[in-house]
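Engineer: Structure provided below as structure tokens; questions to follow.
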Amino acid sequence: MITYGDLFDALILTGLPVAYHHFTKSPSLPYLVFLRDGADSVGADDKNFVKLNSWIVELYTEQKDIERETRIEAILDALGAVYTTTEGYLDTEKMYLVRYEFGG
């Protein structure tokens with residue numbers, strides 16, 4: 001199970017600014033935001049035995065940055081995350097967004 005602490009500690013290793021959910025004042029690009037997107041529980045006998053969190057990690061950059069994406073993916077792989085990736089360009093913000101979604 002990937003915890004908040006595990007994920008935060010791992011993302012700090014990127015050297016990028018990292019925040020849970022949002023920054024109160026946006027740092028300069030690039031930066032990372034992560035958040036819990038819900039949880040599923042596994043249980044029996046009226047008790048929860050395991051809580052499986054769903055996580056989102058978002059990388060914001062000024063331009064496409066495959067090297068940073070590769071580093072983030074290596075960190076997620078080391079955590080045992082099985083993730084899906086989507087990406088796009090935010091016209092109004094003039095930045096790229098790469099989003100990783102996974103449970104764990």
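Labels for the structure tokens follow display order: chains A, B, ..., residues from 1 in each chain, ligands from 1.
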Quick one: pick out all strand (DSSP E) residues within chain A from a backbone DSSP run and write them as a compact mmCIF listing (two decimals) with C-alpha atoms, in the first residue's frame.

Structural biologist:
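File result-v5.txt, as written:
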```
# COMPACT_ATOMS: atom_id res chain seq x y z
CA VAL A 18 6.00 19.23 -4.53
CA ALA A 19 2.64 19.95 -2.94
CA TYR A 20 -0.38 17.95 -1.90
CA TYR A 31 6.60 21.42 -10.35
CA LEU A 32 4.61 18.43 -9.06
CA VAL A 33 1.21 18.17 -7.41
CA PHE A 34 -0.21 14.95 -5.98
CA LEU A 35 -3.50 14.03 -4.38
CA ARG A 36 -5.54 11.12 -3.15
CA ASP A 37 -8.43 10.45 -5.50
CA GLY A 38 -10.39 8.17 -3.20
CA ALA A 39 -9.88 4.78 -1.62
CA ASP A 40 -11.27 1.28 -1.76
CA SER A 41 -11.38 -0.96 1.27
CA VAL A 42 -11.08 -4.73 1.40
CA GLY A 43 -12.73 -6.34 4.34
CA ALA A 44 -14.70 -9.16 5.84
CA LYS A 47 -14.04 -4.95 9.37
CA ASN A 48 -11.78 -3.23 6.87
CA PHE A 49 -8.47 -5.04 6.55
CA VAL A 50 -6.81 -3.10 3.75
CA LYS A 51 -7.41 0.40 2.41
CA LEU A 52 -6.24 0.89 -1.17
CA ASN A 53 -5.72 4.55 -2.00
CA SER A 54 -6.06 5.93 -5.50
CA TRP A 55 -3.44 8.57 -6.30
CA ILE A 56 -2.87 11.21 -8.95
CA VAL A 57 0.54 12.79 -9.62
CA GLU A 58 0.68 15.75 -11.99
CA LEU A 59 3.82 17.16 -13.59
CA TYR A 60 3.57 20.73 -14.89
CA THR A 61 6.29 21.95 -17.28
CA TYR A 83 -0.01 3.66 -13.41
CA THR A 84 -1.72 5.09 -16.46
CA THR A 85 -0.47 8.28 -18.05
CA THR A 86 -2.32 11.06 -19.84
CA GLU A 87 -0.94 14.34 -21.05
CA GLY A 88 -2.03 17.59 -22.59
CA TYR A 89 -1.32 21.26 -23.02
CA LEU A 90 -3.15 23.86 -20.95
CA MET A 95 2.06 24.78 -19.77
CA TYR A 96 2.17 21.05 -20.30
CA LEU A 97 0.54 18.61 -17.91
CA VAL A 98 1.48 14.94 -17.56
CA ARG A 99 -0.83 13.04 -15.21
CA TYR A 100 -0.14 9.67 -13.60
CA GLU A 101 -3.04 7.77 -11.99
CA PHE A 102 -2.61 4.64 -9.89
CA GLY A 103 -3.86 2.71 -6.91
```

Engineer: So which bits of range 2-101 of chain A end up helix (DSSP H, G or I) when you DSSP the backbone, as a list in words?

Structural biologist: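 Taking range 2-101 of chain A and keeping helix (DSSP H, G or I) gives Tyr4, Gly5, Asp6, Leu7, Phe8, Asp9, Ala10, Leu11, Ile12, Ile66, Glu67, Arg68, Glu69, Thr70, Arg71, Ile72, Glu73, Ala74, Ile75, Leu76, Asp77, Ala78 and Leu79 of chain A.
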
Engineer: Just how far from CA of Ala74 in chain A is CA of Glu93 in chain A, in Å to one decimal?

Structural biologist: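 That distance, rounded to one decimal, is 27.4 Å.
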
Engineer: What's the separation between CA of Leu13 in chain A and CA of Ile75 in chain A, in Å to one decimal place?

Structural biologist: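 We find that CA of Leu13 in chain A and CA of Ile75 in chain A lie 8.5 Å from each other.
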